[in-house]
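Heads up, the thing below is written out as structure tokens.
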Amino acid sequence: MKKMFFVSALTLCSLSAFSQDAINKAMVDQFRKDKEKSDKDVSDPKNSAKAAFWMERAKLYENIAMSGSEVDSSAAKTALESYKKVVELDLTKKGEPGKSSKEATNILSGGEGTSLFNAFVKQGAEKYQTKNLTGALEMFQLAQTINKKDTTAALYGGIAAQQIDKKDEAKTQFENYIANGGKDPSVFYGLAQLYRADNNFDKSIEILNKGLEKSPGNKDLKSEVVNILLASGKEDQAINELTALSKSDPTNVQNLVNLAILYDNTNTKTLSKIKEIQDKLGSGTSKVDNLKKTIDSEKGKVEVFDGEVKRISALIKKKPTADLKRQLEDVNTKKKESLAAIADTEAKIKEAQESAKGNDNAALEKELADLKAKQATAATESVANYKKVLEIDANNYDALYNLGAVYFNEAVQLKKEVDNMNMTDYQARGKEIEGRVCGRFKKSKPFFEKAIKAKDEAEAKEALENATNIIAQLEGKGITCID
């Protein structure tokens, strides 16, 4: 996942709009003297009651702010408070705003030709550059009270808030930036990351989509949509988004690898769901039918044992020998085992019937059919996309290893099928399936071998060794490997 560093946005931003040539020492000294006098006059009741005094003070501090932080790094705040005092005091006899009050109101609202907003942004930038991020944020926030439609202060305010881990304020600032028409893709990306950190995936995707409206071709924003869909468990949507990305940029290897992995993961998860459904169905009719077959088989054995008991008993009457008595005892023991197996299986049938009462078999069968179709598509698409990667980059480790793993895992699934067979099933089709198991392991080997050449990784070496050993075991049993 790409990480954005907003710090650079402010560091690299040109502040030429708010800068001037260096102020000479004489001017700085004059500002200090004027500031000292104004601060002293504030305590004079006559002065502090006059709008003209506050207007003069406001403009002095505004000029100090625009000159740099050498005299007062928060001069813009004093200017703001002073302009508010002008509005408060300059009223006509009718209680209406006077000339100075109207001028101050215009300045406080960021009217054309005024510079208080710029003073706040300049001092905010200076505080940021001296690592006073809390002070910088305050300046940028106050700047926005003057010009609510500006993007500059909102952008820098978001940057400062993010740096001091005020995530909610960073969200507010970046959202103001976007609402006021800001277009920088990194802001949309960063804001989406803030919402993603709170697991608010829907809001995160909403922000990214707004960013894509401003920058339709931005690959970072598009890729992050996919990442967030994955993080929120929406793999099907992620596949759709990544498919669109791959079509628009068909030679982008990483997009193809990611798409193949998505299909691969979908295949694995769907196989797991298929087994769950099959287990549920197995607890119903099909399981009961299999259990009944077991009972029939055991009853057949009991009949054979009964016949043997009669035969051996008749022989004992004619000529009782120790060997015949031992045979009779063995047969009766086996008969008891079969009768016990019948009783146990009957209990399992009853249990399965009870368990299956809540199942909607028709619905389960439909769900199973849908899952099998989805799994088949996912399996096909994963292989197809891994192969597309290898057509572009024949030594791509991820595609080589994962494609080998596809065939390896298919072999493992087939082997489980053989392992779960009874002797009758194995004699009927066991060797044929083992031939396919061998063939799948054999098919995986070249991909693991090439993967190891591309990147010497332990996982590929281990997989290759396992495949080689199992093939040797199967061929040692006389199994012929088949595709």
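Residues are named by chain letter and number: chains run A, B, ... in the order of the structure tokens, numbers start at 1 in each chain, and ligands are numbered from 1 in the order shown.
Omitting Lys149 of chain A and its sequence neighbours fewer than 2 positions away, and counting only C-alpha atoms, the residues within 10 Å are Gln144, Thr145, Ile146, Asn147, Thr151, Thr152, Ala153, Ala154, Asn176, Tyr177, Ala179, Asn180 and Gly181 of chain A.
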Prev. selection, N, CA and C atoms, output as a short mmCIF file (atom, residue, chain, number, x, y, z; two decimals), in the first residue's frame:
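The resulting result-v4.cif:
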```cif
data_model
loop_
_atom_site.label_atom_id
_atom_site.label_comp_id
_atom_site.auth_asym_id
_atom_site.auth_seq_id
_atom_site.Cartn_x
_atom_site.Cartn_y
_atom_site.Cartn_z
N GLN A 144 -9.03 30.43 7.75
CA GLN A 144 -10.26 29.95 7.11
C GLN A 144 -11.50 30.67 7.63
N THR A 145 -11.42 31.28 8.81
CA THR A 145 -12.56 32.08 9.27
C THR A 145 -12.68 33.36 8.46
N ILE A 146 -11.58 33.75 7.84
CA ILE A 146 -11.58 34.97 7.00
C ILE A 146 -12.02 34.64 5.57
N ASN A 147 -11.47 33.57 5.04
CA ASN A 147 -11.83 33.14 3.68
C ASN A 147 -12.27 31.69 3.73
N THR A 151 -8.65 27.11 -0.45
CA THR A 151 -8.10 25.75 -0.34
C THR A 151 -6.71 25.72 0.30
N THR A 152 -5.97 26.82 0.20
CA THR A 152 -4.59 26.83 0.69
C THR A 152 -4.51 26.55 2.18
N ALA A 153 -5.24 27.36 2.98
CA ALA A 153 -5.19 27.20 4.43
C ALA A 153 -5.76 25.85 4.85
N ALA A 154 -6.79 25.38 4.16
CA ALA A 154 -7.37 24.08 4.48
C ALA A 154 -6.37 22.96 4.23
N ASN A 176 -12.63 20.22 3.93
CA ASN A 176 -12.84 21.63 3.52
C ASN A 176 -12.10 21.91 2.22
N TYR A 177 -10.89 21.39 2.13
CA TYR A 177 -10.10 21.57 0.91
C TYR A 177 -10.85 21.02 -0.30
N ALA A 179 -14.13 20.29 -0.50
CA ALA A 179 -15.40 21.00 -0.69
C ALA A 179 -15.21 22.33 -1.41
N ASN A 180 -14.04 22.95 -1.22
CA ASN A 180 -13.76 24.25 -1.85
C ASN A 180 -13.15 24.11 -3.24
N GLY A 181 -13.11 22.87 -3.75
CA GLY A 181 -12.66 22.67 -5.12
C GLY A 181 -11.23 22.20 -5.29
#
```
| message | So the first atom is atom CA of Lys301 of chain A and the second is atom CA of Asp289 of chain A; what is the distance between them in Å, to one decimal place? | response | 18.6 Å
Give me the residues within 12 Å of segment 395-404 of chain A as an mmCIF file with N, CA and C atoms, in the first residue's frame, counting only C-alpha atoms and dropping any in the same chain fewer than 2 places off.
```cif
data_model
loop_
_atom_site.group_PDB
_atom_site.id
_atom_site.type_symbol
_atom_site.label_atom_id
_atom_site.label_comp_id
_atom_site.auth_asym_id
_atom_site.auth_seq_id
_atom_site.Cartn_x
_atom_site.Cartn_y
_atom_site.Cartn_z
ATOM 1 N N VAL A 253 2.111 -5.366 -15.208
ATOM 2 C CA VAL A 253 2.311 -6.706 -14.653
ATOM 3 C C VAL A 253 1.714 -6.827 -13.250
ATOM 4 N N GLN A 254 1.922 -5.796 -12.421
ATOM 5 C CA GLN A 254 1.460 -5.903 -11.038
ATOM 6 C C GLN A 254 -0.057 -6.009 -10.955
ATOM 7 N N ASN A 255 -0.761 -5.267 -11.807
ATOM 8 C CA ASN A 255 -2.222 -5.384 -11.817
ATOM 9 C C ASN A 255 -2.652 -6.800 -12.179
ATOM 10 N N LEU A 256 -1.985 -7.391 -13.163
ATOM 11 C CA LEU A 256 -2.322 -8.757 -13.577
ATOM 12 C C LEU A 256 -2.004 -9.761 -12.480
ATOM 13 N N VAL A 257 -0.862 -9.578 -11.820
ATOM 14 C CA VAL A 257 -0.515 -10.473 -10.701
ATOM 15 C C VAL A 257 -1.571 -10.370 -9.605
ATOM 16 N N ASN A 258 -1.932 -9.131 -9.244
ATOM 17 C CA ASN A 258 -2.927 -8.926 -8.189
ATOM 18 C C ASN A 258 -4.278 -9.531 -8.568
ATOM 19 N N LEU A 259 -4.656 -9.386 -9.830
ATOM 20 C CA LEU A 259 -5.923 -9.949 -10.287
ATOM 21 C C LEU A 259 -5.890 -11.471 -10.203
ATOM 22 N N ALA A 260 -4.778 -12.084 -10.625
ATOM 23 C CA ALA A 260 -4.636 -13.538 -10.546
ATOM 24 C C ALA A 260 -4.708 -14.007 -9.101
ATOM 25 N N ILE A 261 -4.049 -13.271 -8.194
ATOM 26 C CA ILE A 261 -4.074 -13.640 -6.771
ATOM 27 C C ILE A 261 -5.479 -13.522 -6.205
ATOM 28 N N LEU A 262 -6.205 -12.497 -6.635
ATOM 29 C CA LEU A 262 -7.590 -12.342 -6.183
ATOM 30 C C LEU A 262 -8.439 -13.539 -6.591
ATOM 31 N N TYR A 263 -8.310 -13.930 -7.856
ATOM 32 C CA TYR A 263 -9.061 -15.109 -8.320
ATOM 33 C C TYR A 263 -8.601 -16.356 -7.578
ATOM 34 N N ASP A 264 -7.302 -16.439 -7.328
ATOM 35 C CA ASP A 264 -6.739 -17.577 -6.600
ATOM 36 C C ASP A 264 -7.349 -17.671 -5.200
ATOM 37 N N ASN A 265 -7.401 -16.527 -4.505
ATOM 38 C CA ASN A 265 -7.984 -16.490 -3.161
ATOM 39 C C ASN A 265 -9.468 -16.835 -3.182
ATOM 40 N N ALA A 379 -10.891 -20.500 -10.656
ATOM 41 C CA ALA A 379 -9.724 -21.342 -10.934
ATOM 42 C C ALA A 379 -9.188 -21.072 -12.341
ATOM 43 N N THR A 380 -10.093 -20.973 -13.299
ATOM 44 C CA THR A 380 -9.694 -20.731 -14.693
ATOM 45 C C THR A 380 -9.052 -19.354 -14.852
ATOM 46 N N GLU A 381 -9.681 -18.342 -14.248
ATOM 47 C CA GLU A 381 -9.183 -16.972 -14.391
ATOM 48 C C GLU A 381 -7.843 -16.769 -13.690
ATOM 49 N N SER A 382 -7.644 -17.425 -12.559
ATOM 50 C CA SER A 382 -6.359 -17.257 -11.868
ATOM 51 C C SER A 382 -5.226 -17.780 -12.738
ATOM 52 N N VAL A 383 -5.421 -18.969 -13.305
ATOM 53 C CA VAL A 383 -4.388 -19.552 -14.173
ATOM 54 C C VAL A 383 -4.175 -18.680 -15.409
ATOM 55 N N ALA A 384 -5.274 -18.222 -16.009
ATOM 56 C CA ALA A 384 -5.176 -17.401 -17.231
ATOM 57 C C ALA A 384 -4.392 -16.118 -16.974
ATOM 58 N N ASN A 385 -4.621 -15.481 -15.834
ATOM 59 C CA ASN A 385 -3.939 -14.220 -15.544
ATOM 60 C C ASN A 385 -2.485 -14.433 -15.143
ATOM 61 N N TYR A 386 -2.187 -15.523 -14.447
ATOM 62 C CA TYR A 386 -0.781 -15.840 -14.168
ATOM 63 C C TYR A 386 -0.024 -16.051 -15.487
ATOM 64 N N LYS A 387 -0.675 -16.713 -16.423
ATOM 65 C CA LYS A 387 -0.035 -16.951 -17.719
ATOM 66 C C LYS A 387 0.159 -15.653 -18.502
ATOM 67 N N LYS A 388 -0.801 -14.719 -18.368
ATOM 68 C CA LYS A 388 -0.648 -13.410 -19.024
ATOM 69 C C LYS A 388 0.580 -12.689 -18.474
ATOM 70 N N VAL A 389 0.765 -12.809 -17.156
ATOM 71 C CA VAL A 389 1.936 -12.185 -16.533
ATOM 72 C C VAL A 389 3.211 -12.754 -17.134
ATOM 73 N N LEU A 390 3.260 -14.084 -17.259
ATOM 74 C CA LEU A 390 4.470 -14.740 -17.754
ATOM 75 C C LEU A 390 4.722 -14.440 -19.233
ATOM 76 N N GLU A 391 3.673 -14.101 -19.958
ATOM 77 C CA GLU A 391 3.871 -13.688 -21.358
ATOM 78 C C GLU A 391 4.603 -12.350 -21.426
ATOM 79 N N ILE A 392 4.364 -11.508 -20.414
ATOM 80 C CA ILE A 392 5.012 -10.187 -20.375
ATOM 81 C C ILE A 392 6.354 -10.268 -19.654
ATOM 82 N N ASP A 393 6.381 -11.016 -18.558
ATOM 83 C CA ASP A 393 7.583 -11.134 -17.731
ATOM 84 C C ASP A 393 7.786 -12.603 -17.365
ATOM 85 N N VAL A 406 -0.901 -23.516 -7.667
ATOM 86 C CA VAL A 406 -2.245 -23.895 -8.153
ATOM 87 C C VAL A 406 -2.289 -25.388 -8.454
ATOM 88 N N TYR A 407 -1.310 -25.865 -9.250
ATOM 89 C CA TYR A 407 -1.297 -27.285 -9.624
ATOM 90 C C TYR A 407 -0.965 -28.170 -8.421
ATOM 91 N N PHE A 408 -0.087 -27.690 -7.553
ATOM 92 C CA PHE A 408 0.268 -28.428 -6.340
ATOM 93 C C PHE A 408 -0.985 -28.630 -5.472
ATOM 94 N N ASN A 409 -1.755 -27.575 -5.271
ATOM 95 C CA ASN A 409 -2.954 -27.656 -4.425
ATOM 96 C C ASN A 409 -4.037 -28.519 -5.055
ATOM 97 N N GLU A 410 -4.128 -28.492 -6.382
ATOM 98 C CA GLU A 410 -5.077 -29.391 -7.056
ATOM 99 C C GLU A 410 -4.699 -30.838 -6.778
ATOM 100 N N ALA A 411 -3.399 -31.121 -6.794
ATOM 101 C CA ALA A 411 -2.923 -32.476 -6.505
ATOM 102 C C ALA A 411 -3.262 -32.873 -5.075
ATOM 103 N N ARG A 440 -0.539 -33.861 -11.617
ATOM 104 C CA ARG A 440 -0.642 -32.474 -11.133
ATOM 105 C C ARG A 440 0.650 -32.054 -10.417
ATOM 106 N N PHE A 441 1.186 -32.957 -9.596
ATOM 107 C CA PHE A 441 2.447 -32.624 -8.927
ATOM 108 C C PHE A 441 3.560 -32.405 -9.958
ATOM 109 N N LYS A 442 3.537 -33.239 -10.988
ATOM 110 C CA LYS A 442 4.564 -33.137 -12.030
ATOM 111 C C LYS A 442 4.420 -31.812 -12.791
ATOM 112 N N LYS A 443 3.155 -31.374 -12.963
ATOM 113 C CA LYS A 443 2.903 -30.129 -13.692
ATOM 114 C C LYS A 443 3.386 -28.922 -12.894
ATOM 115 N N SER A 444 3.382 -29.050 -11.558
ATOM 116 C CA SER A 444 3.795 -27.923 -10.718
ATOM 117 C C SER A 444 5.309 -27.731 -10.707
ATOM 118 N N LYS A 445 6.060 -28.816 -10.922
ATOM 119 C CA LYS A 445 7.513 -28.770 -10.752
ATOM 120 C C LYS A 445 8.237 -27.716 -11.601
ATOM 121 N N PRO A 446 7.973 -27.627 -12.899
ATOM 122 C CA PRO A 446 8.722 -26.653 -13.720
ATOM 123 C C PRO A 446 8.542 -25.207 -13.246
ATOM 124 N N PHE A 447 7.344 -24.908 -12.726
ATOM 125 C CA PHE A 447 7.096 -23.540 -12.266
ATOM 126 C C PHE A 447 7.891 -23.237 -10.993
ATOM 127 N N PHE A 448 7.960 -24.223 -10.096
ATOM 128 C CA PHE A 448 8.772 -24.025 -8.890
ATOM 129 C C PHE A 448 10.256 -23.916 -9.251
ATOM 130 N N GLU A 449 10.685 -24.706 -10.200
ATOM 131 C CA GLU A 449 12.093 -24.670 -10.613
ATOM 132 C C GLU A 449 12.455 -23.298 -11.201
ATOM 133 N N LYS A 450 11.571 -22.768 -12.056
ATOM 134 C CA LYS A 450 11.820 -21.449 -12.654
ATOM 135 C C LYS A 450 11.727 -20.348 -11.592
ATOM 136 N N ALA A 451 10.798 -20.530 -10.642
ATOM 137 C CA ALA A 451 10.647 -19.536 -9.571
ATOM 138 C C ALA A 451 11.930 -19.443 -8.751
ATOM 139 N N ILE A 452 12.539 -20.588 -8.468
ATOM 140 C CA ILE A 452 13.782 -20.611 -7.690
ATOM 141 C C ILE A 452 14.906 -19.909 -8.447
ATOM 142 N N LYS A 453 14.935 -20.073 -9.759
ATOM 143 C CA LYS A 453 15.957 -19.389 -10.565
ATOM 144 C C LYS A 453 15.725 -17.872 -10.556
ATOM 145 N N ALA A 454 14.440 -17.484 -10.545
ATOM 146 C CA ALA A 454 14.119 -16.048 -10.538
ATOM 147 C C ALA A 454 14.419 -15.422 -9.185
ATOM 148 N N LYS A 455 14.144 -16.171 -8.105
ATOM 149 C CA LYS A 455 14.376 -15.662 -6.754
ATOM 150 C C LYS A 455 14.563 -16.854 -5.822
ATOM 151 N N ASP A 456 15.673 -16.882 -5.151
ATOM 152 C CA ASP A 456 16.037 -18.034 -4.309
ATOM 153 C C ASP A 456 15.267 -17.976 -2.988
ATOM 154 N N GLU A 457 14.003 -18.458 -3.039
ATOM 155 C CA GLU A 457 13.133 -18.403 -1.862
ATOM 156 C C GLU A 457 12.902 -19.792 -1.285
ATOM 157 N N ALA A 458 12.845 -19.861 0.061
ATOM 158 C CA ALA A 458 12.681 -21.146 0.751
ATOM 159 C C ALA A 458 11.338 -21.800 0.430
ATOM 160 N N GLU A 459 10.277 -20.990 0.284
ATOM 161 C CA GLU A 459 8.949 -21.560 0.046
ATOM 162 C C GLU A 459 8.892 -22.338 -1.262
ATOM 163 N N ALA A 460 9.562 -21.816 -2.288
ATOM 164 C CA ALA A 460 9.580 -22.510 -3.584
ATOM 165 C C ALA A 460 10.417 -23.783 -3.501
ATOM 166 N N LYS A 461 11.529 -23.713 -2.785
ATOM 167 C CA LYS A 461 12.378 -24.901 -2.627
ATOM 168 C C LYS A 461 11.631 -26.011 -1.896
ATOM 169 N N GLU A 462 10.939 -25.651 -0.836
ATOM 170 C CA GLU A 462 10.188 -26.642 -0.053
ATOM 171 C C GLU A 462 9.084 -27.279 -0.881
ATOM 172 N N ALA A 463 8.359 -26.446 -1.643
ATOM 173 C CA ALA A 463 7.275 -26.967 -2.485
ATOM 174 C C ALA A 463 7.828 -27.920 -3.539
ATOM 175 N N LEU A 464 8.945 -27.553 -4.152
ATOM 176 C CA LEU A 464 9.563 -28.406 -5.170
ATOM 177 C C LEU A 464 9.994 -29.736 -4.571
ATOM 178 N N ALA A 467 6.872 -31.930 -3.890
ATOM 179 C CA ALA A 467 6.312 -32.465 -5.136
ATOM 180 C C ALA A 467 7.178 -33.604 -5.662
#
```
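All residues of protein, DNA or RNA that reach within 9 Å of Arg32 of chain A, judged by only C-alpha atoms and not counting those fewer than 4 positions away in the chain, are Met27, Val28, Glu36, Lys37, Ile64, Val71 and Asp72 of chain A.
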Can you write just those residues out, N, CA and C atoms, as an mmCIF file, in the first residue's frame?
```cif
data_model
loop_
_atom_site.group_PDB
_atom_site.id
_atom_site.type_symbol
_atom_site.label_atom_id
_atom_site.label_comp_id
_atom_site.auth_asym_id
_atom_site.auth_seq_id
_atom_site.Cartn_x
_atom_site.Cartn_y
_atom_site.Cartn_z
ATOM 1 N N MET A 27 13.533 49.146 9.878
ATOM 2 C CA MET A 27 12.084 48.917 9.836
ATOM 3 C C MET A 27 11.658 47.980 10.964
ATOM 4 N N VAL A 28 12.470 46.950 11.225
ATOM 5 C CA VAL A 28 12.160 46.027 12.314
ATOM 6 C C VAL A 28 12.144 46.781 13.638
ATOM 7 N N GLU A 36 5.370 48.337 20.900
ATOM 8 C CA GLU A 36 5.481 48.628 22.330
ATOM 9 C C GLU A 36 4.523 49.736 22.737
ATOM 10 N N LYS A 37 4.470 50.800 21.907
ATOM 11 C CA LYS A 37 3.575 51.935 22.212
ATOM 12 C C LYS A 37 2.107 51.499 22.166
ATOM 13 N N ILE A 64 3.068 43.824 10.703
ATOM 14 C CA ILE A 64 4.105 43.049 11.404
ATOM 15 C C ILE A 64 4.040 41.586 10.962
ATOM 16 N N VAL A 71 9.328 40.030 14.771
ATOM 17 C CA VAL A 71 8.795 40.934 15.797
ATOM 18 C C VAL A 71 7.739 40.242 16.651
ATOM 19 N N ASP A 72 6.815 39.528 16.008
ATOM 20 C CA ASP A 72 5.734 38.847 16.744
ATOM 21 C C ASP A 72 5.206 37.717 15.869
#
```
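We find atom CA of Val42 of chain A and atom CA of Glu112 of chain A to be spaced 29.3 Å apart.
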| message | Need the shell around segment 230-242 of chain A: protein/DNA/RNA residues with any atom at most 8 Å away, counting only C-alpha atoms. Skip same-chain ones fewer than 2 positions apart. Format as a list in words? | response | Asn199, Phe201, Lys222, Ser223, Val225, Val226, Asn227, Ile228, Ala244, Leu245, Ser246, Asn255, Asn258, Leu259, Leu262, Tyr263 and Thr266 of chain A
